[in-house]
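data-v7.cif (mmCIF, N, CA and C atoms) appears below.
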```cif
data_upload
loop_
_atom_site.label_atom_id
_atom_site.label_comp_id
_atom_site.auth_asym_id
_atom_site.auth_seq_id
_atom_site.Cartn_x
_atom_site.Cartn_y
_atom_site.Cartn_z
N MET A 96 0.83 -1.18 0.00
CA MET A 96 0.00 0.00 0.00
C MET A 96 0.87 1.23 0.00
N ARG A 97 2.03 1.15 0.66
CA ARG A 97 2.91 2.30 0.70
C ARG A 97 3.38 2.68 -0.69
N SER A 98 3.66 1.66 -1.54
CA SER A 98 4.14 1.96 -2.88
C SER A 98 3.05 2.64 -3.70
N ILE A 99 1.80 2.26 -3.51
CA ILE A 99 0.72 2.89 -4.24
C ILE A 99 0.55 4.32 -3.76
N ALA A 100 0.57 4.51 -2.45
CA ALA A 100 0.41 5.85 -1.91
C ALA A 100 1.55 6.75 -2.36
N ARG A 101 2.77 6.19 -2.40
CA ARG A 101 3.91 6.96 -2.85
C ARG A 101 3.74 7.37 -4.30
N SER A 102 3.22 6.48 -5.15
CA SER A 102 3.07 6.75 -6.56
C SER A 102 1.89 7.66 -6.87
N LEU A 103 0.84 7.51 -6.14
CA LEU A 103 -0.36 8.27 -6.44
C LEU A 103 -0.49 9.56 -5.65
N GLY A 104 0.25 9.71 -4.57
CA GLY A 104 0.19 10.93 -3.78
C GLY A 104 -1.18 11.14 -3.17
N LEU A 105 -1.69 12.33 -3.32
CA LEU A 105 -2.98 12.67 -2.71
C LEU A 105 -4.14 11.92 -3.33
N SER A 106 -4.03 11.52 -4.60
CA SER A 106 -5.16 10.84 -5.23
C SER A 106 -5.42 9.51 -4.57
N SER A 107 -4.40 8.85 -4.01
CA SER A 107 -4.65 7.58 -3.33
C SER A 107 -5.42 7.81 -2.03
N ALA A 108 -5.15 8.92 -1.37
CA ALA A 108 -5.91 9.23 -0.16
C ALA A 108 -7.37 9.49 -0.51
N ALA A 109 -7.60 10.17 -1.61
CA ALA A 109 -8.97 10.42 -2.05
C ALA A 109 -9.66 9.12 -2.44
N MET A 110 -8.91 8.20 -3.10
CA MET A 110 -9.46 6.92 -3.48
C MET A 110 -9.83 6.11 -2.24
N GLY A 111 -8.98 6.14 -1.23
CA GLY A 111 -9.25 5.42 0.00
C GLY A 111 -10.48 5.97 0.69
N LEU A 112 -10.60 7.29 0.72
CA LEU A 112 -11.78 7.91 1.31
C LEU A 112 -13.03 7.54 0.54
N ALA A 113 -12.93 7.49 -0.78
CA ALA A 113 -14.08 7.09 -1.59
C ALA A 113 -14.45 5.64 -1.32
N ALA A 114 -13.45 4.77 -1.15
CA ALA A 114 -13.72 3.35 -0.86
C ALA A 114 -14.41 3.21 0.49
N LEU A 115 -13.94 3.95 1.49
CA LEU A 115 -14.59 3.89 2.81
C LEU A 115 -16.01 4.43 2.75
N THR A 116 -16.19 5.48 1.98
CA THR A 116 -17.54 6.04 1.82
C THR A 116 -18.45 5.02 1.15
N ALA A 117 -17.93 4.30 0.14
CA ALA A 117 -18.73 3.28 -0.54
C ALA A 117 -19.08 2.15 0.41
N LEU A 118 -18.14 1.78 1.28
CA LEU A 118 -18.42 0.71 2.24
C LEU A 118 -19.51 1.14 3.23
N VAL A 119 -19.42 2.38 3.69
CA VAL A 119 -20.43 2.86 4.63
C VAL A 119 -21.78 2.92 3.93
N GLY A 120 -21.80 3.40 2.70
CA GLY A 120 -23.05 3.50 1.96
C GLY A 120 -23.64 2.16 1.61
N SER A 121 -22.82 1.12 1.45
CA SER A 121 -23.33 -0.19 1.06
C SER A 121 -23.79 -1.01 2.25
N GLY A 122 -23.52 -0.53 3.45
CA GLY A 122 -23.92 -1.29 4.63
C GLY A 122 -22.84 -2.24 5.09
N ALA A 123 -21.71 -2.35 4.37
CA ALA A 123 -20.64 -3.26 4.77
C ALA A 123 -20.04 -2.85 6.10
N ALA A 124 -20.08 -1.57 6.41
CA ALA A 124 -19.54 -1.12 7.68
C ALA A 124 -20.42 -1.57 8.84
N ASP A 125 -21.66 -1.93 8.55
CA ASP A 125 -22.59 -2.38 9.58
C ASP A 125 -22.52 -3.89 9.80
N ALA A 126 -21.52 -4.58 9.21
CA ALA A 126 -21.44 -6.03 9.30
C ALA A 126 -21.31 -6.50 10.74
N ALA A 127 -20.69 -5.72 11.61
CA ALA A 127 -20.54 -6.10 13.02
C ALA A 127 -21.29 -5.10 13.88
N PRO A 128 -22.39 -5.52 14.51
CA PRO A 128 -23.10 -4.60 15.38
C PRO A 128 -22.20 -4.11 16.52
N SER A 129 -22.48 -2.95 17.03
CA SER A 129 -21.68 -2.37 18.09
C SER A 129 -21.59 -3.31 19.29
N GLY A 130 -20.38 -3.54 19.77
CA GLY A 130 -20.17 -4.35 20.96
C GLY A 130 -20.03 -5.83 20.69
N THR A 131 -20.10 -6.26 19.41
CA THR A 131 -19.93 -7.68 19.10
C THR A 131 -18.83 -7.85 18.07
N GLU A 132 -18.34 -9.06 17.93
CA GLU A 132 -17.33 -9.33 16.91
C GLU A 132 -18.02 -9.71 15.62
N SER A 133 -17.39 -9.39 14.51
CA SER A 133 -17.94 -9.71 13.21
C SER A 133 -17.84 -11.21 12.94
N LEU A 134 -18.80 -11.74 12.21
CA LEU A 134 -18.76 -13.14 11.80
C LEU A 134 -17.85 -13.33 10.60
N TYR A 135 -17.47 -12.24 9.96
CA TYR A 135 -16.67 -12.30 8.74
C TYR A 135 -15.25 -11.85 9.01
N ALA A 136 -14.29 -12.61 8.49
CA ALA A 136 -12.91 -12.16 8.54
C ALA A 136 -12.76 -11.06 7.50
N PRO A 137 -12.03 -10.00 7.79
CA PRO A 137 -11.87 -8.92 6.80
C PRO A 137 -11.20 -9.43 5.53
N SER A 138 -11.72 -9.02 4.41
CA SER A 138 -11.14 -9.36 3.11
C SER A 138 -11.30 -8.16 2.19
N VAL A 139 -10.31 -7.26 2.25
CA VAL A 139 -10.31 -6.05 1.45
C VAL A 139 -8.93 -5.89 0.85
N LEU A 140 -8.87 -5.73 -0.47
CA LEU A 140 -7.59 -5.58 -1.16
C LEU A 140 -7.60 -4.34 -2.04
N VAL A 141 -6.42 -3.77 -2.23
CA VAL A 141 -6.20 -2.76 -3.26
C VAL A 141 -5.39 -3.46 -4.34
N LEU A 142 -5.91 -3.47 -5.55
CA LEU A 142 -5.24 -4.09 -6.69
C LEU A 142 -4.75 -2.98 -7.60
N SER A 143 -3.51 -3.10 -8.05
CA SER A 143 -2.97 -2.04 -8.91
C SER A 143 -2.27 -2.64 -10.12
N LEU A 144 -2.22 -1.84 -11.17
CA LEU A 144 -1.50 -2.17 -12.40
C LEU A 144 -0.48 -1.07 -12.63
N THR A 145 0.80 -1.46 -12.71
CA THR A 145 1.89 -0.50 -12.79
C THR A 145 2.72 -0.75 -14.05
N ASP A 146 3.07 0.31 -14.77
CA ASP A 146 4.00 0.19 -15.88
C ASP A 146 5.39 -0.07 -15.33
N GLY A 147 6.09 -1.05 -15.87
CA GLY A 147 7.45 -1.34 -15.44
C GLY A 147 7.52 -2.60 -14.61
N ALA A 148 8.74 -2.99 -14.30
CA ALA A 148 8.99 -4.25 -13.59
C ALA A 148 8.99 -4.09 -12.08
N ASP A 149 8.72 -2.90 -11.58
CA ASP A 149 8.80 -2.65 -10.14
C ASP A 149 7.56 -1.88 -9.69
N ALA A 150 6.74 -2.52 -8.87
CA ALA A 150 5.52 -1.87 -8.40
C ALA A 150 5.81 -0.66 -7.53
N ASP A 151 6.98 -0.63 -6.88
CA ASP A 151 7.31 0.49 -6.00
C ASP A 151 7.72 1.74 -6.76
N ASN A 152 8.35 1.57 -7.94
CA ASN A 152 8.90 2.73 -8.64
C ASN A 152 8.29 2.99 -10.01
N GLY A 153 7.35 2.15 -10.45
CA GLY A 153 6.72 2.35 -11.75
C GLY A 153 5.58 3.35 -11.68
N THR A 154 4.99 3.61 -12.83
CA THR A 154 3.85 4.51 -12.93
C THR A 154 2.58 3.69 -12.80
N VAL A 155 1.78 3.99 -11.80
CA VAL A 155 0.53 3.26 -11.58
C VAL A 155 -0.47 3.70 -12.65
N ARG A 156 -0.94 2.72 -13.43
CA ARG A 156 -1.94 2.99 -14.47
C ARG A 156 -3.35 2.96 -13.93
N ARG A 157 -3.59 2.02 -13.03
CA ARG A 157 -4.94 1.85 -12.50
C ARG A 157 -4.86 1.18 -11.14
N ALA A 158 -5.76 1.53 -10.26
CA ALA A 158 -5.88 0.89 -8.95
C ALA A 158 -7.36 0.79 -8.61
N VAL A 159 -7.76 -0.37 -8.07
CA VAL A 159 -9.14 -0.59 -7.69
C VAL A 159 -9.17 -1.25 -6.31
N THR A 160 -10.34 -1.19 -5.68
CA THR A 160 -10.53 -1.89 -4.41
C THR A 160 -11.37 -3.14 -4.66
N LEU A 161 -11.14 -4.15 -3.84
CA LEU A 161 -11.93 -5.37 -3.90
C LEU A 161 -12.29 -5.77 -2.49
N VAL A 162 -13.58 -5.83 -2.21
CA VAL A 162 -14.09 -6.23 -0.91
C VAL A 162 -14.77 -7.59 -1.12
N CYS A 163 -14.39 -8.59 -0.30
CA CYS A 163 -14.98 -9.92 -0.46
C CYS A 163 -15.84 -10.35 0.72
N ALA A 164 -15.79 -9.66 1.83
CA ALA A 164 -16.61 -10.05 2.97
C ALA A 164 -17.20 -8.78 3.59
N PRO A 165 -18.44 -8.76 3.87
CA PRO A 165 -19.38 -9.88 3.90
C PRO A 165 -19.95 -10.25 2.54
N ARG A 166 -19.84 -9.34 1.55
CA ARG A 166 -20.29 -9.67 0.19
C ARG A 166 -19.36 -8.98 -0.79
N PRO A 167 -19.26 -9.49 -2.03
CA PRO A 167 -18.36 -8.89 -3.02
C PRO A 167 -18.76 -7.45 -3.34
N GLY A 168 -17.74 -6.61 -3.48
CA GLY A 168 -17.98 -5.22 -3.82
C GLY A 168 -16.68 -4.49 -4.07
N GLY A 169 -16.72 -3.20 -4.03
CA GLY A 169 -15.55 -2.37 -4.30
C GLY A 169 -15.63 -1.82 -5.71
N THR A 170 -14.50 -1.30 -6.20
CA THR A 170 -14.47 -0.70 -7.54
C THR A 170 -13.95 -1.66 -8.60
N HIS A 171 -13.66 -2.91 -8.23
CA HIS A 171 -13.22 -3.92 -9.20
C HIS A 171 -14.35 -4.14 -10.21
N PRO A 172 -14.03 -4.31 -11.52
CA PRO A 172 -15.09 -4.49 -12.52
C PRO A 172 -15.88 -5.79 -12.37
N SER A 173 -15.30 -6.83 -11.77
CA SER A 173 -15.99 -8.12 -11.58
C SER A 173 -15.74 -8.64 -10.17
N PRO A 174 -16.29 -7.98 -9.15
CA PRO A 174 -15.95 -8.35 -7.78
C PRO A 174 -16.36 -9.77 -7.40
N ALA A 175 -17.51 -10.25 -7.85
CA ALA A 175 -17.94 -11.60 -7.46
C ALA A 175 -17.00 -12.66 -8.04
N ALA A 176 -16.63 -12.52 -9.31
CA ALA A 176 -15.72 -13.49 -9.93
C ALA A 176 -14.32 -13.42 -9.31
N ALA A 177 -13.85 -12.21 -9.02
CA ALA A 177 -12.52 -12.06 -8.42
C ALA A 177 -12.49 -12.66 -7.02
N CYS A 178 -13.55 -12.47 -6.24
CA CYS A 178 -13.61 -13.05 -4.89
C CYS A 178 -13.69 -14.57 -4.97
N ALA A 179 -14.40 -15.10 -5.95
CA ALA A 179 -14.48 -16.56 -6.13
C ALA A 179 -13.10 -17.13 -6.45
N GLU A 180 -12.33 -16.42 -7.29
CA GLU A 180 -10.96 -16.87 -7.58
C GLU A 180 -10.10 -16.85 -6.34
N LEU A 181 -10.22 -15.81 -5.54
CA LEU A 181 -9.44 -15.73 -4.31
C LEU A 181 -9.79 -16.87 -3.36
N ARG A 182 -11.08 -17.17 -3.23
CA ARG A 182 -11.49 -18.29 -2.37
C ARG A 182 -10.93 -19.61 -2.89
N ALA A 183 -10.90 -19.80 -4.20
CA ALA A 183 -10.41 -21.05 -4.79
C ALA A 183 -8.90 -21.20 -4.67
N HIS A 184 -8.16 -20.09 -4.71
CA HIS A 184 -6.70 -20.17 -4.73
C HIS A 184 -6.04 -19.67 -3.46
N GLY A 185 -6.82 -19.09 -2.55
CA GLY A 185 -6.24 -18.61 -1.31
C GLY A 185 -5.17 -17.57 -1.58
N PRO A 186 -4.17 -17.51 -0.73
CA PRO A 186 -3.14 -16.49 -0.92
C PRO A 186 -2.12 -16.83 -2.01
N ASP A 187 -2.22 -18.01 -2.65
CA ASP A 187 -1.30 -18.40 -3.72
C ASP A 187 -1.85 -17.89 -5.05
N LEU A 188 -1.53 -16.67 -5.40
CA LEU A 188 -2.10 -16.02 -6.58
C LEU A 188 -1.34 -16.29 -7.87
N ASP A 189 -0.22 -16.99 -7.80
CA ASP A 189 0.54 -17.29 -9.02
C ASP A 189 -0.31 -18.05 -10.04
N ALA A 190 -1.22 -18.90 -9.58
CA ALA A 190 -2.08 -19.65 -10.50
C ALA A 190 -2.96 -18.73 -11.33
N LEU A 191 -3.32 -17.57 -10.79
CA LEU A 191 -4.17 -16.63 -11.52
C LEU A 191 -3.37 -15.81 -12.53
N ALA A 192 -2.06 -15.79 -12.41
CA ALA A 192 -1.22 -15.02 -13.32
C ALA A 192 -0.70 -15.88 -14.47
N GLN A 193 -0.93 -17.18 -14.42
CA GLN A 193 -0.44 -18.06 -15.48
C GLN A 193 -1.19 -17.78 -16.79
N PRO A 194 -0.49 -17.91 -17.93
CA PRO A 194 -1.16 -17.67 -19.22
C PRO A 194 -2.14 -18.80 -19.54
N ARG A 195 -3.20 -18.44 -20.25
CA ARG A 195 -4.13 -19.46 -20.73
C ARG A 195 -3.42 -20.34 -21.74
N SER A 196 -3.88 -21.55 -21.93
CA SER A 196 -3.22 -22.49 -22.84
C SER A 196 -3.29 -22.03 -24.29
N ASP A 197 -4.29 -21.23 -24.65
CA ASP A 197 -4.42 -20.76 -26.03
C ASP A 197 -3.80 -19.38 -26.25
N ALA A 198 -3.07 -18.88 -25.28
CA ALA A 198 -2.48 -17.53 -25.37
C ALA A 198 -1.33 -17.51 -26.38
N ALA A 199 -1.30 -16.44 -27.16
CA ALA A 199 -0.21 -16.23 -28.12
C ALA A 199 0.23 -14.78 -28.03
N CYS A 200 1.41 -14.56 -27.47
CA CYS A 200 1.93 -13.20 -27.30
C CYS A 200 3.33 -13.12 -27.90
N THR A 201 3.72 -11.92 -28.27
CA THR A 201 5.08 -11.69 -28.73
C THR A 201 6.02 -11.77 -27.54
N ARG A 202 7.30 -11.82 -27.80
CA ARG A 202 8.28 -11.93 -26.72
C ARG A 202 8.97 -10.59 -26.44
N GLU A 203 8.28 -9.52 -26.70
CA GLU A 203 8.85 -8.20 -26.42
C GLU A 203 8.88 -7.94 -24.91
N TRP A 204 9.85 -7.16 -24.46
CA TRP A 204 9.97 -6.82 -23.05
C TRP A 204 9.41 -5.42 -22.85
N ASP A 205 8.20 -5.35 -22.36
CA ASP A 205 7.50 -4.11 -22.05
C ASP A 205 6.72 -4.40 -20.76
N PRO A 206 7.42 -4.55 -19.63
CA PRO A 206 6.81 -5.12 -18.43
C PRO A 206 5.69 -4.28 -17.82
N VAL A 207 4.72 -5.01 -17.26
CA VAL A 207 3.66 -4.44 -16.43
C VAL A 207 3.59 -5.30 -15.17
N THR A 208 3.36 -4.66 -14.06
CA THR A 208 3.34 -5.35 -12.77
C THR A 208 1.97 -5.17 -12.13
N VAL A 209 1.44 -6.28 -11.63
CA VAL A 209 0.19 -6.22 -10.87
C VAL A 209 0.53 -6.43 -9.41
N ALA A 210 -0.26 -5.84 -8.55
CA ALA A 210 -0.04 -5.98 -7.11
C ALA A 210 -1.38 -6.10 -6.39
N ALA A 211 -1.37 -6.89 -5.35
CA ALA A 211 -2.52 -7.01 -4.44
C ALA A 211 -2.00 -6.75 -3.04
N ASP A 212 -2.61 -5.80 -2.38
CA ASP A 212 -2.15 -5.43 -1.05
C ASP A 212 -3.36 -5.20 -0.16
N GLY A 213 -3.38 -5.86 0.99
CA GLY A 213 -4.49 -5.67 1.91
C GLY A 213 -4.63 -6.84 2.85
N VAL A 214 -5.87 -7.23 3.11
CA VAL A 214 -6.17 -8.31 4.05
C VAL A 214 -7.06 -9.32 3.36
N TRP A 215 -6.69 -10.59 3.45
CA TRP A 215 -7.50 -11.67 2.90
C TRP A 215 -7.83 -12.64 4.04
N GLN A 216 -9.11 -12.77 4.36
CA GLN A 216 -9.61 -13.63 5.42
C GLN A 216 -8.87 -13.40 6.74
N GLY A 217 -8.69 -12.13 7.06
CA GLY A 217 -8.09 -11.75 8.33
C GLY A 217 -6.58 -11.75 8.36
N ARG A 218 -5.91 -12.11 7.26
CA ARG A 218 -4.44 -12.14 7.21
C ARG A 218 -3.92 -11.18 6.16
N ARG A 219 -2.79 -10.59 6.48
CA ARG A 219 -2.15 -9.63 5.58
C ARG A 219 -1.73 -10.32 4.29
N LEU A 220 -2.00 -9.68 3.15
CA LEU A 220 -1.61 -10.20 1.84
C LEU A 220 -0.89 -9.11 1.07
N ASN A 221 0.29 -9.43 0.59
CA ASN A 221 1.07 -8.52 -0.24
C ASN A 221 1.64 -9.36 -1.37
N TYR A 222 1.18 -9.13 -2.60
CA TYR A 222 1.55 -9.95 -3.74
C TYR A 222 1.86 -9.06 -4.93
N THR A 223 2.93 -9.39 -5.66
CA THR A 223 3.23 -8.71 -6.93
C THR A 223 3.62 -9.76 -7.96
N TYR A 224 3.32 -9.46 -9.20
CA TYR A 224 3.70 -10.33 -10.32
C TYR A 224 3.98 -9.43 -11.52
N THR A 225 5.09 -9.68 -12.21
CA THR A 225 5.45 -8.89 -13.38
C THR A 225 5.27 -9.71 -14.64
N PHE A 226 4.46 -9.19 -15.55
CA PHE A 226 4.26 -9.80 -16.86
C PHE A 226 5.27 -9.19 -17.83
N ALA A 227 5.72 -9.96 -18.80
CA ALA A 227 6.70 -9.46 -19.77
C ALA A 227 6.14 -8.31 -20.59
N ASN A 228 4.83 -8.35 -20.85
CA ASN A 228 4.20 -7.29 -21.63
C ASN A 228 2.69 -7.31 -21.37
N PRO A 229 1.97 -6.29 -21.80
CA PRO A 229 0.53 -6.24 -21.54
C PRO A 229 -0.24 -7.43 -22.11
N CYS A 230 0.25 -8.03 -23.19
CA CYS A 230 -0.42 -9.19 -23.76
C CYS A 230 -0.44 -10.35 -22.76
N GLY A 231 0.64 -10.52 -22.03
CA GLY A 231 0.68 -11.57 -21.01
C GLY A 231 -0.39 -11.36 -19.95
N LEU A 232 -0.59 -10.13 -19.55
CA LEU A 232 -1.64 -9.82 -18.58
C LEU A 232 -3.02 -10.09 -19.16
N ARG A 233 -3.26 -9.63 -20.38
CA ARG A 233 -4.58 -9.84 -21.01
C ARG A 233 -4.90 -11.33 -21.18
N ASN A 234 -3.88 -12.14 -21.35
CA ASN A 234 -4.08 -13.57 -21.58
C ASN A 234 -3.86 -14.42 -20.34
N SER A 235 -3.86 -13.80 -19.16
CA SER A 235 -3.72 -14.58 -17.94
C SER A 235 -5.02 -15.31 -17.66
N SER A 236 -4.95 -16.35 -16.85
CA SER A 236 -6.10 -17.22 -16.66
C SER A 236 -7.14 -16.67 -15.69
N GLY A 237 -6.80 -15.67 -14.90
CA GLY A 237 -7.73 -15.17 -13.90
C GLY A 237 -8.34 -13.82 -14.25
N VAL A 238 -9.40 -13.47 -13.51
CA VAL A 238 -10.03 -12.15 -13.67
C VAL A 238 -9.63 -11.19 -12.56
N LEU A 239 -8.94 -11.69 -11.55
CA LEU A 239 -8.57 -10.85 -10.42
C LEU A 239 -7.83 -9.60 -10.85
N PHE A 240 -6.86 -9.74 -11.75
CA PHE A 240 -6.07 -8.60 -12.19
C PHE A 240 -6.57 -8.00 -13.50
N GLY A 241 -7.76 -8.34 -13.90
CA GLY A 241 -8.37 -7.73 -15.09
C GLY A 241 -8.96 -6.39 -14.76
N ILE A 242 -8.13 -5.53 -14.25
CA ILE A 242 -8.59 -4.21 -13.79
C ILE A 242 -8.33 -3.21 -14.87
#
```

Would you write out, as structure tokens, the structure that this file holds?
Amino acid sequence: MRSIARSLGLSSAAMGLAALTALVGSGAADAAPSGTESLYAPSVLVLSLTDGADADNGTVRRAVTLVCAPRPGGTHPSPAAACAELRAHGPDLDALAQPRSDAACTREWDPVTVAADGVWQGRRLNYTYTFANPCGLRNSSGVLFGI
């Protein structure tokens, strides 16, 4: 999250405020009544797409939020499908970055890096993966990073 905040500056703070506002408006903030513990483990991630081979020093092209508990939401374009992939693969996200068997991409080096940072089922998750080029990302097997 620090790398995203460093890259985006004030806009990341505004994005975070907008995400919290969306959670409050959706009722997700009401998941745990006052004075009781929530039945749901927190599952909120910030997913980013960065130009270059380094998520810390590249230019962030896009960043979205993904909320999976108590129900799918956030600014991800397909939150239900992305949450289903996370449940199926747990914190091992390399399987979602693998190319589809029918993928055909050039071998040019124009790296893009995806990152997931946040909490998955109550545990800290920090994941990055660098694709050789945007075609590799478009032809990956998962929808999680289809942001």

- Write out as number ranges by chain the residues lying within 10 Å of Pro167 in chain A, counting only C-alpha atoms and excluding same-chain residues fewer than 2 positions away. A: 123, 138-139, 161-165, 169, 171, 173-179

- Message: So, with only C-alpha atoms as the atoms that count, which of A:Ala192, A:Ile242, A:Val214, A:Ala198 lies closest to Cys230 in chain A?
- Response: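 Nearest to Cys230 in chain A: A:Ala198.
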
- Show which residues sit within 6.5 Å of Thr208 in chain A, as a list in words. Count only N, CA and C atoms, and ignore same-chain residues fewer than 2 positions away. Ser143, Leu144, Thr145, Asp146, Gly147, Ala148, Asp149, Ala150, Pro206, Ala210, Thr223, Tyr224, Thr225 and Phe226 of chain A

Those residues you just picked out, can you put them in a file as a short mmCIF file (atom, residue, chain, number, x, y, z; two decimals), in the coordinates of the input with N, CA and C atoms?
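Saved to part25.cif:
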```
data_model
loop_
_atom_site.label_atom_id
_atom_site.label_comp_id
_atom_site.auth_asym_id
_atom_site.auth_seq_id
_atom_site.Cartn_x
_atom_site.Cartn_y
_atom_site.Cartn_z
N SER A 143 -3.51 -3.10 -8.05
CA SER A 143 -2.97 -2.04 -8.91
C SER A 143 -2.27 -2.64 -10.12
N LEU A 144 -2.22 -1.84 -11.17
CA LEU A 144 -1.50 -2.17 -12.40
C LEU A 144 -0.48 -1.07 -12.63
N THR A 145 0.80 -1.46 -12.71
CA THR A 145 1.89 -0.50 -12.79
C THR A 145 2.72 -0.75 -14.05
N ASP A 146 3.07 0.31 -14.77
CA ASP A 146 4.00 0.19 -15.88
C ASP A 146 5.39 -0.07 -15.33
N GLY A 147 6.09 -1.05 -15.87
CA GLY A 147 7.45 -1.34 -15.44
C GLY A 147 7.52 -2.60 -14.61
N ALA A 148 8.74 -2.99 -14.30
CA ALA A 148 8.99 -4.25 -13.59
C ALA A 148 8.99 -4.09 -12.08
N ASP A 149 8.72 -2.90 -11.58
CA ASP A 149 8.80 -2.65 -10.14
C ASP A 149 7.56 -1.88 -9.69
N ALA A 150 6.74 -2.52 -8.87
CA ALA A 150 5.52 -1.87 -8.40
C ALA A 150 5.81 -0.66 -7.53
N PRO A 206 7.42 -4.55 -19.63
CA PRO A 206 6.81 -5.12 -18.43
C PRO A 206 5.69 -4.28 -17.82
N ALA A 210 -0.26 -5.84 -8.55
CA ALA A 210 -0.04 -5.98 -7.11
C ALA A 210 -1.38 -6.10 -6.39
N THR A 223 2.93 -9.39 -5.66
CA THR A 223 3.23 -8.71 -6.93
C THR A 223 3.62 -9.76 -7.96
N TYR A 224 3.32 -9.46 -9.20
CA TYR A 224 3.70 -10.33 -10.32
C TYR A 224 3.98 -9.43 -11.52
N THR A 225 5.09 -9.68 -12.21
CA THR A 225 5.45 -8.89 -13.38
C THR A 225 5.27 -9.71 -14.64
N PHE A 226 4.46 -9.19 -15.55
CA PHE A 226 4.26 -9.80 -16.86
C PHE A 226 5.27 -9.19 -17.83
#
```

- When you draw a straight line from atom N of Cys200 in chain A to atom N of Gly231 in chain A, how long is it in Å?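 Interatomic distance, atom N of Cys200 in chain A to atom N of Gly231 in chain A: 6.8 Å.
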
- Query: From the list A:Leu142, A:Val155, A:Ala227, A:Ala136, which residue is nearest Gln193 in chain A when using only C-alpha atoms?
  - Reply: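 Closest to Gln193 in chain A, using only C-alpha atoms: A:Ala227.
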
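CA of Val209 in chain A sits 6.8 Å away from CA of Phe240 in chain A.
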
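Taking atom C of Ser236 in chain A as the reference point, atom C of Pro137 in chain A is found at 22.8 Å.
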
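For Gly213 in chain A, the residues within 7 Å (counting only C-alpha atoms, excluding itself and residues fewer than 6 positions away along the chain) are Val139, Leu140, Val141, Arg219, Leu220 and Asn221 of chain A.
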
Please report, as lines of an AutoDock Vina configuration file, the centre and edge lengths in Å to one decimal of an axis-aligned box covering all listed atoms of range 209-212 of chain A with 8 Å per side.
```
center_x = -1.0
center_y = -6.1
center_z = -5.9
size_x = 20.8
size_y = 17.8
size_z = 27.5
```

- Query: Taking into account only C-alpha atoms, which residue in the set A:Val207, A:His184, A:Gly237, A:Thr201 is nearest to Arg157 in chain A?
  - Reply: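 The closest residue to Arg157 in chain A is A:Val207.
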